[in-house]
Amino acid sequence: MTEFSTTVVEPKERFALWEETTARSHMRNRLRSDDQDDFRAGMRVLDLGEVSVSALAYSHLGLVRTPRLVRQSDPEMYQINYLPGGRGRLSLGRHDTRLGPGDLVLLDSSSAYHGDVRASSDDWAHLTVQFPRELLPLPQSTVRRLLAVPIGGHRGMAGVFTRWLADLNARADEFTPADLPTLASVTLDLLASALARCLDADGSLPPESRRRALRTRVFEFAEQRLADPGTTPRTIAEAHHISLRTLQQLFAEDDTSPAAWLRARRLERCRADLADPRGSTDPVQAVAARWGFTDAAHFSRLFRATYGMPPRDYRRARWEERDAEMRE
């Protein structure tokens with residue numbers, strides 16, 4: 001993961017630095033900005049090998065990829081752009097697209113286009129994923145139907161993909177080189193599933209891509225619903241229209257079962273809350289109920305078996321540790 005900011009140079013040099021840097025990291029474009037005299041911008045790039053994920057922060061940017069630039073430099077790449085907080089417009093041929101917060105839009109380095117985006121120099125308001133076209137497990141003739149078409153990134157598989165991108169960016173410094181092939185594979189599978197769903201072309205995806213995307217979707221669904229005691233292996237399977245056996249096979253890839261995974265994640269959330277001084281007045285039973293444990297005695301037994309002491313003793317031990325650290 002690398003980060004850079006234009007503020008490392010004098011104001012009059014900042015826009016030229018941005019042009020030079022993005023020419024190396026992204027498709028080549030002609031750039032302009034209303035703020036060229038003092039262009040405050042930043043970029044974070046997570047290099048996953050042939051796939052790169054970038055977060056951009058800037059106030060305003062106009063960009064043009066001309067036919068001449070296409071002829072001079074065509075790396076035959078796709079670029080998917082996500083605007084969690086920005087707004088813009090994009091024109092490709094006779095097609096003019098307006099983009100709002102939460103939208104995704106796909107571009108191809110072989111196509112000329114021009115666009116204009118207003119975002120924020122104080123936040124990561126523009127995320128991009130760039131990769132060779134042959135890595136996307138969908139026919140190019142099918143994908144072309146979605147070029148410069150706005151895709152809502154709040155719901156369905158597109159929502160899973162945008163949340164994955166946001167999480168990748170937020171946790172970029174946690175990953176090791178050994179994680180990169182998996183991160184690249186999951187990113188492409190989720191994107192392919194999101195695009196295929198827009199095109200009603202799920203059948204075009206290879207079985208392994210569909211399986212990996214399903215697995216990511218299942219785990220995200222379960223994670224978001226840990227607090228609901230009604231979230232069980234059966235309800236997870238039903239929500240995804242799969243059998244319990246298929247669900248068990250997905251979790252078995254991590255050497256666990258759906259029930260064991262739910263129990264472990266809920267216990268971990270309880271453990272974190274018990275150790276958090278901001279919740280020191282919450283009764284243990286309330287903490288347990290907050291994460292789906294409706295039987296206080298059962299929760300206490302599970303907690304003790306997992307962490308070696310009852311939840312009240314665990315909370316007291318964490319408080320004593322903090323007090324000792326503060327006295328030192």
# chains A, B, ... in the order shown; residues from 1 in each chain; ligands from 1

$ residues_around --residues "Leu274 in chain A" --least-positions-apart "6" --cutoff "12 Å" --atoms "only C-alpha atoms" --output "PyMOL selection string"
chain A and resi 267-268+280-288+290-291+303+310-319

$ write_last_selection --atoms "C-alpha atoms" --output "mmCIF file, in the first residue's frame"
data_model
loop_
_atom_site.group_PDB
_atom_site.id
_atom_site.type_symbol
_atom_site.label_atom_id
_atom_site.label_comp_id
_atom_site.auth_asym_id
_atom_site.auth_seq_id
_atom_site.Cartn_x
_atom_site.Cartn_y
_atom_site.Cartn_z
ATOM 1 C CA LEU A 267 -18.701 -14.270 21.547
ATOM 2 C CA GLU A 268 -15.923 -12.114 20.096
ATOM 3 C CA SER A 280 -18.660 -0.389 31.636
ATOM 4 C CA THR A 281 -22.129 0.241 33.097
ATOM 5 C CA ASP A 282 -23.919 -2.194 30.785
ATOM 6 C CA PRO A 283 -25.004 -5.379 32.598
ATOM 7 C CA VAL A 284 -23.349 -8.537 31.288
ATOM 8 C CA GLN A 285 -26.769 -9.909 30.357
ATOM 9 C CA ALA A 286 -27.442 -6.807 28.232
ATOM 10 C CA VAL A 287 -24.127 -7.258 26.403
ATOM 11 C CA ALA A 288 -24.997 -10.882 25.707
ATOM 12 C CA ARG A 290 -26.998 -7.270 22.222
ATOM 13 C CA TRP A 291 -25.210 -9.984 20.238
ATOM 14 C CA PHE A 303 -17.824 -17.500 27.375
ATOM 15 C CA PRO A 310 -16.762 -16.001 33.394
ATOM 16 C CA PRO A 311 -17.704 -12.763 31.609
ATOM 17 C CA ARG A 312 -17.857 -10.725 34.843
ATOM 18 C CA ASP A 313 -14.364 -11.862 35.821
ATOM 19 C CA TYR A 314 -13.095 -11.090 32.320
ATOM 20 C CA ARG A 315 -14.485 -7.548 32.498
ATOM 21 C CA ARG A 316 -12.965 -7.016 35.961
ATOM 22 C CA ALA A 317 -9.569 -8.312 34.814
ATOM 23 C CA ARG A 318 -9.554 -5.940 31.825
ATOM 24 C CA TRP A 319 -10.441 -2.985 34.087
#

$ select_by_dssp --residues "range 52-180 of chain A" --states "helix (DSSP H, G or I)" --output "compact mmCIF listing (two decimals) with all heavy atoms, in the first residue's frame"
# COMPACT_ATOMS: atom_id res chain seq x y z
N PRO A 67 -9.22 10.03 -28.53
CA PRO A 67 -8.85 8.95 -29.45
C PRO A 67 -7.33 8.88 -29.67
O PRO A 67 -6.78 7.78 -29.81
CB PRO A 67 -9.58 9.33 -30.74
CG PRO A 67 -10.77 10.11 -30.28
CD PRO A 67 -10.29 10.89 -29.09
N ARG A 68 -6.67 10.03 -29.66
CA ARG A 68 -5.22 10.03 -29.84
C ARG A 68 -4.52 9.34 -28.67
O ARG A 68 -3.58 8.56 -28.87
CB ARG A 68 -4.71 11.46 -29.98
CG ARG A 68 -3.21 11.53 -30.24
CD ARG A 68 -2.78 12.96 -30.44
NE ARG A 68 -1.34 13.04 -30.70
CZ ARG A 68 -0.67 14.17 -30.90
NH1 ARG A 68 -1.33 15.32 -30.91
NH2 ARG A 68 0.62 14.15 -31.12
N LEU A 69 -4.98 9.60 -27.42
CA LEU A 69 -4.40 8.93 -26.26
C LEU A 69 -4.65 7.42 -26.31
O LEU A 69 -3.80 6.63 -25.92
CB LEU A 69 -4.98 9.51 -24.97
CG LEU A 69 -4.43 10.86 -24.51
CD1 LEU A 69 -5.19 11.35 -23.28
CD2 LEU A 69 -2.94 10.75 -24.21
N VAL A 70 -5.82 7.04 -26.81
CA VAL A 70 -6.11 5.61 -26.95
C VAL A 70 -5.12 4.97 -27.91
O VAL A 70 -4.58 3.88 -27.65
CB VAL A 70 -7.56 5.40 -27.44
CG1 VAL A 70 -7.80 3.93 -27.77
CG2 VAL A 70 -8.56 5.87 -26.39
N ARG A 71 -4.86 5.65 -29.04
CA ARG A 71 -3.91 5.10 -30.02
C ARG A 71 -2.48 5.06 -29.47
O ARG A 71 -1.73 4.12 -29.71
CB ARG A 71 -3.94 5.94 -31.31
CG ARG A 71 -5.24 5.83 -32.10
CD ARG A 71 -5.07 6.43 -33.50
NE ARG A 71 -4.72 7.85 -33.45
CZ ARG A 71 -5.61 8.83 -33.41
NH1 ARG A 71 -6.91 8.56 -33.41
NH2 ARG A 71 -5.20 10.10 -33.39
N GLN A 72 -2.13 6.08 -28.70
CA GLN A 72 -0.76 6.16 -28.17
C GLN A 72 -0.51 5.17 -27.03
O GLN A 72 0.59 4.63 -26.90
CB GLN A 72 -0.48 7.59 -27.66
CG GLN A 72 -0.36 8.62 -28.76
CD GLN A 72 -0.18 10.01 -28.19
OE1 GLN A 72 -0.49 10.28 -27.02
NE2 GLN A 72 0.33 10.93 -29.01
N ARG A 133 -8.30 -6.55 -19.10
CA ARG A 133 -9.63 -7.01 -19.48
C ARG A 133 -9.78 -8.52 -19.40
O ARG A 133 -10.84 -9.03 -19.04
CB ARG A 133 -9.96 -6.54 -20.91
CG ARG A 133 -10.30 -5.07 -21.01
CD ARG A 133 -11.03 -4.76 -22.30
NE ARG A 133 -10.24 -5.05 -23.48
CZ ARG A 133 -9.71 -4.12 -24.29
NH1 ARG A 133 -9.88 -2.84 -24.01
NH2 ARG A 133 -9.02 -4.45 -25.35
N GLU A 134 -8.72 -9.26 -19.74
CA GLU A 134 -8.86 -10.72 -19.79
C GLU A 134 -9.07 -11.34 -18.42
O GLU A 134 -9.46 -12.52 -18.33
CB GLU A 134 -7.64 -11.35 -20.47
CG GLU A 134 -6.34 -11.21 -19.71
CD GLU A 134 -5.54 -10.01 -20.14
OE1 GLU A 134 -6.12 -9.10 -20.76
OE2 GLU A 134 -4.32 -10.00 -19.87
N LEU A 135 -8.85 -10.58 -17.36
CA LEU A 135 -9.05 -11.14 -16.02
C LEU A 135 -10.51 -11.19 -15.60
O LEU A 135 -10.86 -11.92 -14.67
CB LEU A 135 -8.26 -10.32 -14.98
CG LEU A 135 -6.75 -10.34 -15.09
CD1 LEU A 135 -6.13 -9.61 -13.90
CD2 LEU A 135 -6.22 -11.78 -15.15
N GLN A 140 -16.28 -10.01 -23.33
CA GLN A 140 -16.13 -8.58 -23.55
C GLN A 140 -17.34 -7.99 -24.27
O GLN A 140 -17.74 -6.86 -24.01
CB GLN A 140 -14.85 -8.31 -24.34
CG GLN A 140 -13.59 -8.58 -23.56
CD GLN A 140 -12.34 -8.19 -24.32
OE1 GLN A 140 -12.36 -7.31 -25.18
NE2 GLN A 140 -11.23 -8.83 -24.01
N SER A 141 -17.92 -8.76 -25.18
CA SER A 141 -19.09 -8.25 -25.90
C SER A 141 -20.26 -8.00 -24.96
O SER A 141 -21.08 -7.10 -25.17
CB SER A 141 -19.51 -9.25 -26.98
OG SER A 141 -19.80 -10.53 -26.40
N THR A 142 -20.34 -8.79 -23.88
CA THR A 142 -21.40 -8.59 -22.88
C THR A 142 -21.09 -7.38 -22.01
O THR A 142 -21.96 -6.55 -21.74
CB THR A 142 -21.52 -9.85 -22.00
OG1 THR A 142 -21.84 -10.97 -22.82
CG2 THR A 142 -22.59 -9.68 -20.95
N VAL A 143 -19.83 -7.28 -21.59
CA VAL A 143 -19.44 -6.20 -20.68
C VAL A 143 -19.60 -4.84 -21.34
O VAL A 143 -19.96 -3.85 -20.68
CB VAL A 143 -17.99 -6.41 -20.21
CG1 VAL A 143 -17.52 -5.23 -19.36
CG2 VAL A 143 -17.87 -7.71 -19.42
N ARG A 144 -19.35 -4.74 -22.64
CA ARG A 144 -19.42 -3.45 -23.33
C ARG A 144 -20.77 -2.79 -23.19
O ARG A 144 -20.88 -1.56 -23.28
CB ARG A 144 -19.05 -3.61 -24.81
CG ARG A 144 -17.58 -3.87 -25.07
CD ARG A 144 -17.25 -3.69 -26.55
NE ARG A 144 -17.47 -2.32 -26.99
CZ ARG A 144 -16.60 -1.35 -26.79
NH1 ARG A 144 -15.47 -1.56 -26.15
NH2 ARG A 144 -16.86 -0.12 -27.21
N ARG A 145 -21.81 -3.58 -22.98
CA ARG A 145 -23.15 -3.01 -22.81
C ARG A 145 -23.26 -2.15 -21.55
O ARG A 145 -24.19 -1.35 -21.42
CB ARG A 145 -24.19 -4.13 -22.77
CG ARG A 145 -24.38 -4.83 -24.12
CD ARG A 145 -24.96 -6.22 -23.98
NE ARG A 145 -26.09 -6.31 -23.08
CZ ARG A 145 -26.57 -7.45 -22.59
NH1 ARG A 145 -25.98 -8.60 -22.93
NH2 ARG A 145 -27.60 -7.46 -21.79
N LEU A 146 -22.32 -2.29 -20.62
CA LEU A 146 -22.37 -1.54 -19.37
C LEU A 146 -21.39 -0.38 -19.31
O LEU A 146 -21.34 0.32 -18.30
CB LEU A 146 -22.10 -2.48 -18.18
CG LEU A 146 -23.27 -3.36 -17.75
CD1 LEU A 146 -22.84 -4.26 -16.60
CD2 LEU A 146 -24.47 -2.52 -17.33
N GLY A 156 -27.96 -5.14 -3.41
CA GLY A 156 -27.65 -6.34 -4.17
C GLY A 156 -26.16 -6.60 -4.26
O GLY A 156 -25.37 -6.23 -3.39
N MET A 157 -25.75 -7.28 -5.33
CA MET A 157 -24.34 -7.62 -5.51
C MET A 157 -23.48 -6.38 -5.68
O MET A 157 -22.32 -6.35 -5.26
CB MET A 157 -24.17 -8.54 -6.71
CG MET A 157 -24.52 -9.99 -6.44
SD MET A 157 -23.67 -10.69 -5.01
CE MET A 157 -21.94 -10.42 -5.40
N ALA A 158 -24.02 -5.31 -6.29
CA ALA A 158 -23.26 -4.07 -6.40
C ALA A 158 -22.98 -3.50 -5.01
O ALA A 158 -21.89 -2.97 -4.75
CB ALA A 158 -24.01 -3.05 -7.25
N GLY A 159 -23.95 -3.63 -4.10
CA GLY A 159 -23.74 -3.18 -2.73
C GLY A 159 -22.68 -4.00 -2.01
O GLY A 159 -21.87 -3.46 -1.25
N VAL A 160 -22.68 -5.31 -2.24
CA VAL A 160 -21.63 -6.16 -1.66
C VAL A 160 -20.26 -5.72 -2.18
O VAL A 160 -19.29 -5.62 -1.41
CB VAL A 160 -21.89 -7.64 -1.99
CG1 VAL A 160 -20.73 -8.52 -1.51
CG2 VAL A 160 -23.20 -8.13 -1.37
N PHE A 161 -20.19 -5.44 -3.47
CA PHE A 161 -18.92 -5.04 -4.07
C PHE A 161 -18.43 -3.70 -3.51
O PHE A 161 -17.24 -3.56 -3.18
CB PHE A 161 -19.07 -4.97 -5.59
CG PHE A 161 -17.84 -4.47 -6.30
CD1 PHE A 161 -16.68 -5.24 -6.33
CD2 PHE A 161 -17.83 -3.24 -6.93
CE1 PHE A 161 -15.54 -4.78 -6.98
CE2 PHE A 161 -16.70 -2.77 -7.58
CZ PHE A 161 -15.54 -3.55 -7.60
N THR A 162 -19.32 -2.70 -3.42
CA THR A 162 -18.87 -1.39 -2.93
C THR A 162 -18.47 -1.45 -1.46
O THR A 162 -17.51 -0.78 -1.04
CB THR A 162 -19.96 -0.32 -3.13
OG1 THR A 162 -21.18 -0.72 -2.46
CG2 THR A 162 -20.25 -0.12 -4.61
N ARG A 163 -19.15 -2.26 -0.67
CA ARG A 163 -18.75 -2.40 0.74
C ARG A 163 -17.40 -3.11 0.84
O ARG A 163 -16.58 -2.79 1.71
CB ARG A 163 -19.83 -3.15 1.53
CG ARG A 163 -21.07 -2.31 1.78
CD ARG A 163 -22.02 -2.98 2.74
NE ARG A 163 -22.64 -4.17 2.20
CZ ARG A 163 -23.76 -4.18 1.46
NH1 ARG A 163 -24.36 -3.04 1.15
NH2 ARG A 163 -24.28 -5.32 1.03
N TRP A 164 -17.16 -4.05 -0.05
CA TRP A 164 -15.86 -4.72 -0.10
C TRP A 164 -14.76 -3.71 -0.44
O TRP A 164 -13.69 -3.70 0.19
CB TRP A 164 -15.91 -5.84 -1.14
CG TRP A 164 -14.59 -6.44 -1.50
CD1 TRP A 164 -13.84 -6.16 -2.61
CD2 TRP A 164 -13.84 -7.42 -0.76
NE1 TRP A 164 -12.68 -6.92 -2.61
CE2 TRP A 164 -12.66 -7.69 -1.48
CE3 TRP A 164 -14.07 -8.10 0.44
CZ2 TRP A 164 -11.70 -8.60 -1.05
CZ3 TRP A 164 -13.11 -9.01 0.89
CH2 TRP A 164 -11.95 -9.25 0.14
N LEU A 165 -15.01 -2.84 -1.43
CA LEU A 165 -14.02 -1.83 -1.80
C LEU A 165 -13.72 -0.89 -0.64
O LEU A 165 -12.56 -0.56 -0.36
CB LEU A 165 -14.52 -1.00 -2.99
CG LEU A 165 -14.43 -1.60 -4.38
CD1 LEU A 165 -14.75 -0.52 -5.41
CD2 LEU A 165 -13.07 -2.20 -4.66
N ALA A 166 -14.78 -0.43 0.02
CA ALA A 166 -14.59 0.48 1.15
C ALA A 166 -13.78 -0.18 2.25
O ALA A 166 -12.91 0.45 2.87
CB ALA A 166 -15.95 0.95 1.67
N ASP A 167 -14.04 -1.46 2.50
CA ASP A 167 -13.32 -2.18 3.55
C ASP A 167 -11.86 -2.40 3.14
O ASP A 167 -10.94 -2.29 3.96
CB ASP A 167 -14.00 -3.52 3.82
CG ASP A 167 -13.63 -4.09 5.18
OD1 ASP A 167 -13.47 -3.31 6.13
OD2 ASP A 167 -13.49 -5.32 5.29
N LEU A 168 -11.63 -2.72 1.86
CA LEU A 168 -10.25 -2.86 1.37
C LEU A 168 -9.46 -1.58 1.61
O LEU A 168 -8.31 -1.62 2.06
CB LEU A 168 -10.26 -3.17 -0.13
CG LEU A 168 -10.27 -4.61 -0.61
CD1 LEU A 168 -10.18 -4.63 -2.13
CD2 LEU A 168 -9.15 -5.41 0.00
N ASN A 169 -10.07 -0.45 1.29
CA ASN A 169 -9.38 0.82 1.45
C ASN A 169 -9.12 1.12 2.93
O ASN A 169 -8.02 1.53 3.32
CB ASN A 169 -10.20 1.95 0.82
CG ASN A 169 -9.54 3.30 1.00
OD1 ASN A 169 -8.37 3.48 0.71
ND2 ASN A 169 -10.31 4.25 1.50
N ALA A 170 -10.13 0.90 3.77
CA ALA A 170 -10.00 1.22 5.19
C ALA A 170 -8.95 0.35 5.88
O ALA A 170 -8.30 0.78 6.82
CB ALA A 170 -11.35 1.07 5.88
N ALA A 172 -6.31 -1.26 4.31
CA ALA A 172 -5.24 -1.54 3.35
C ALA A 172 -3.91 -1.86 4.03
O ALA A 172 -3.14 -2.67 3.52
CB ALA A 172 -5.07 -0.35 2.40
N ASP A 173 -3.63 -1.23 5.17
CA ASP A 173 -2.32 -1.44 5.79
C ASP A 173 -2.26 -2.71 6.64
O ASP A 173 -1.23 -3.01 7.24
CB ASP A 173 -1.93 -0.24 6.66
CG ASP A 173 -2.95 0.06 7.74
OD1 ASP A 173 -4.02 -0.59 7.76
OD2 ASP A 173 -2.69 0.94 8.58
N GLU A 174 -3.37 -3.49 6.69
CA GLU A 174 -3.38 -4.72 7.48
C GLU A 174 -2.92 -5.94 6.69
O GLU A 174 -2.60 -6.97 7.28
CB GLU A 174 -4.80 -5.00 8.01
CG GLU A 174 -5.36 -3.92 8.92
CD GLU A 174 -6.78 -4.25 9.35
OE1 GLU A 174 -7.19 -5.44 9.23
OE2 GLU A 174 -7.49 -3.33 9.79
N PRO A 177 1.77 -9.66 1.89
CA PRO A 177 1.90 -10.14 0.51
C PRO A 177 1.17 -11.46 0.26
O PRO A 177 0.67 -11.69 -0.85
CB PRO A 177 3.41 -10.29 0.34
CG PRO A 177 3.99 -9.26 1.25
CD PRO A 177 3.08 -9.25 2.46
N ALA A 178 1.08 -12.31 1.27
CA ALA A 178 0.39 -13.60 1.09
C ALA A 178 -1.10 -13.42 0.86
O ALA A 178 -1.76 -14.31 0.30
CB ALA A 178 0.62 -14.48 2.32
N ASP A 179 -1.66 -12.27 1.29
CA ASP A 179 -3.10 -12.03 1.12
C ASP A 179 -3.46 -11.56 -0.28
O ASP A 179 -4.64 -11.63 -0.68
CB ASP A 179 -3.57 -10.94 2.11
CG ASP A 179 -3.39 -11.34 3.56
OD1 ASP A 179 -3.60 -12.53 3.87
OD2 ASP A 179 -3.06 -10.46 4.38
N LEU A 180 -2.50 -11.05 -1.04
CA LEU A 180 -2.81 -10.32 -2.27
C LEU A 180 -3.52 -11.15 -3.33
O LEU A 180 -4.50 -10.68 -3.92
CB LEU A 180 -1.54 -9.68 -2.84
CG LEU A 180 -0.81 -8.74 -1.88
CD1 LEU A 180 0.33 -8.03 -2.61
CD2 LEU A 180 -1.76 -7.73 -1.26

$ closest_residue --among "A:Asp47, A:Asp34, A:Glu325, A:Asp295" --to "Leu61 in chain A" --atoms "only C-alpha atoms"
A:Asp34

$ residues_around --residues "range 245-256 of chain A" --least-positions-apart "6" --cutoff "9 Å" --atoms "only C-alpha atoms" --output "ChimeraX atom specification"
/A:211-212,214-215,218-219,233-234,236-237

$ residues_around --residues "range 95-108 of chain A" --least-positions-apart "2" --cutoff "8 Å" --atoms "only C-alpha atoms" --output "list in words"
Glu76, Met77, Tyr78, Gln79, Ile80, Asn81, Tyr82, Leu83, Pro84, Gly85, Gly86, Arg87, Gly88, Arg89, Leu90, Ser91, Leu92, Gly93, Ser110, Ser111, Leu146, Leu147, Ala148, Val149, Pro150, Ile151, Gly152, Gly153 and His154 of chain A

$ residues_around --residues "range 262-266 of chain A" --least-positions-apart "6" --cutoff "9 Å" --atoms "only C-alpha atoms" --output "PDB file with C-alpha atoms, in the first residue's frame"
ATOM      1  CA  ALA A 222     -24.197 -13.214   8.536  1.00  0.00           C
ATOM      2  CA  GLU A 223     -21.756 -10.632   9.943  1.00  0.00           C
ATOM      3  CA  LEU A 226     -25.069 -11.185  14.378  1.00  0.00           C
ATOM      4  CA  ALA A 227     -27.194  -9.130  16.774  1.00  0.00           C
ATOM      5  CA  THR A 231     -29.915 -15.391  12.422  1.00  0.00           C
ATOM      6  CA  THR A 232     -29.257 -19.126  12.229  1.00  0.00           C
ATOM      7  CA  PRO A 233     -27.678 -21.428   9.660  1.00  0.00           C
ATOM      8  CA  ALA A 288     -24.997 -10.882  25.707  1.00  0.00           C
ATOM      9  CA  TRP A 291     -25.210  -9.984  20.238  1.00  0.00           C
ATOM     10  CA  GLY A 292     -27.928 -12.575  19.966  1.00  0.00           C
ATOM     11  CA  PHE A 293     -27.551 -14.579  23.205  1.00  0.00           C
ATOM     12  CA  LEU A 302     -19.891 -20.548  26.452  1.00  0.00           C
ATOM     13  CA  THR A 306     -13.857 -19.986  25.213  1.00  0.00           C
TER      14      THR A 306
END

$ closest_residue --among "A:Glu13, A:Asp228, A:Glu208, A:Glu3" --to "Gln36 in chain A" --atoms "only C-alpha atoms"
A:Glu13

$ residues_around --residues "Ala16 in chain A" --least-positions-apart "5" --cutoff "12 Å" --atoms "only C-alpha atoms" --output "PyMOL selection string"
chain A and resi 6-7+9-11+21-23+30-33+35-41

$ write_last_selection --atoms "N, CA and C atoms" --output "mmCIF file, in the first residue's frame"
data_model
loop_
_atom_site.group_PDB
_atom_site.id
_atom_site.type_symbol
_atom_site.label_atom_id
_atom_site.label_comp_id
_atom_site.auth_asym_id
_atom_site.auth_seq_id
_atom_site.Cartn_x
_atom_site.Cartn_y
_atom_site.Cartn_z
ATOM 1 N N THR A 6 -0.438 15.754 -2.721
ATOM 2 C CA THR A 6 0.165 16.853 -3.484
ATOM 3 C C THR A 6 0.724 17.935 -2.569
ATOM 4 N N THR A 7 0.365 17.906 -1.301
ATOM 5 C CA THR A 7 0.819 18.962 -0.390
ATOM 6 C C THR A 7 2.304 18.851 -0.052
ATOM 7 N N VAL A 9 4.551 19.389 -2.138
ATOM 8 C CA VAL A 9 5.235 20.392 -2.965
ATOM 9 C C VAL A 9 4.515 21.723 -2.838
ATOM 10 N N GLU A 10 5.093 22.750 -3.422
ATOM 11 C CA GLU A 10 4.498 24.080 -3.382
ATOM 12 C C GLU A 10 3.176 24.101 -4.158
ATOM 13 N N PRO A 11 2.242 25.003 -3.770
ATOM 14 C CA PRO A 11 0.922 25.044 -4.421
ATOM 15 C C PRO A 11 0.969 25.086 -5.941
ATOM 16 N N THR A 21 1.721 11.678 -11.501
ATOM 17 C CA THR A 21 1.513 10.476 -10.685
ATOM 18 C C THR A 21 0.371 9.625 -11.224
ATOM 19 N N THR A 22 -0.754 10.247 -11.553
ATOM 20 C CA THR A 22 -1.899 9.473 -12.049
ATOM 21 C C THR A 22 -1.645 8.908 -13.442
ATOM 22 N N ALA A 23 -0.762 9.530 -14.214
ATOM 23 C CA ALA A 23 -0.414 8.979 -15.531
ATOM 24 C C ALA A 23 0.264 7.626 -15.380
ATOM 25 N N ARG A 30 -6.130 13.508 -20.232
ATOM 26 C CA ARG A 30 -5.850 14.943 -20.098
ATOM 27 C C ARG A 30 -6.684 15.442 -18.918
ATOM 28 N N LEU A 31 -6.048 16.166 -18.020
ATOM 29 C CA LEU A 31 -6.710 16.583 -16.791
ATOM 30 C C LEU A 31 -6.797 18.105 -16.705
ATOM 31 N N ARG A 32 -7.808 18.550 -16.003
ATOM 32 C CA ARG A 32 -7.931 19.962 -15.665
ATOM 33 C C ARG A 32 -8.671 20.044 -14.330
ATOM 34 N N SER A 33 -8.625 21.214 -13.692
ATOM 35 C CA SER A 33 -9.336 21.401 -12.434
ATOM 36 C C SER A 33 -9.606 22.875 -12.209
ATOM 37 N N ASP A 35 -9.253 24.064 -9.495
ATOM 38 C CA ASP A 35 -8.337 24.393 -8.395
ATOM 39 C C ASP A 35 -6.880 24.157 -8.780
ATOM 40 N N GLN A 36 -6.545 24.344 -10.053
ATOM 41 C CA GLN A 36 -5.193 24.036 -10.514
ATOM 42 C C GLN A 36 -4.116 24.893 -9.863
ATOM 43 N N ASP A 37 -4.470 26.095 -9.396
ATOM 44 C CA ASP A 37 -3.471 26.963 -8.784
ATOM 45 C C ASP A 37 -3.009 26.436 -7.432
ATOM 46 N N ASP A 38 -3.848 25.659 -6.775
ATOM 47 C CA ASP A 38 -3.479 25.047 -5.485
ATOM 48 C C ASP A 38 -4.270 23.749 -5.363
ATOM 49 N N PHE A 39 -3.815 22.733 -6.064
ATOM 50 C CA PHE A 39 -4.561 21.471 -6.174
ATOM 51 C C PHE A 39 -4.209 20.553 -5.000
ATOM 52 N N ARG A 40 -5.070 20.556 -4.008
ATOM 53 C CA ARG A 40 -4.879 19.703 -2.829
ATOM 54 C C ARG A 40 -5.571 18.368 -3.074
ATOM 55 N N ALA A 41 -4.781 17.327 -3.133
ATOM 56 C CA ALA A 41 -5.336 16.012 -3.453
ATOM 57 C C ALA A 41 -4.459 14.927 -2.843
#

$ atom_distance --atom1 "CA of Arg269 in chain A" --atom2 "CA of Arg155 in chain A"
25.6 Å

$ closest_residue --among "A:Ala196, A:Val45, A:Leu127, A:Ser185" --to "Pro139 in chain A" --atoms "only C-alpha atoms"
A:Ala196

$ select_by_dssp --residues "range 58-175 of chain A" --states "strand (DSSP E or B)" --output "PyMOL selection string"
chain A and resi 60-65+77-83+87-92+95-99+103-108+113-118+126-132+147+151-152
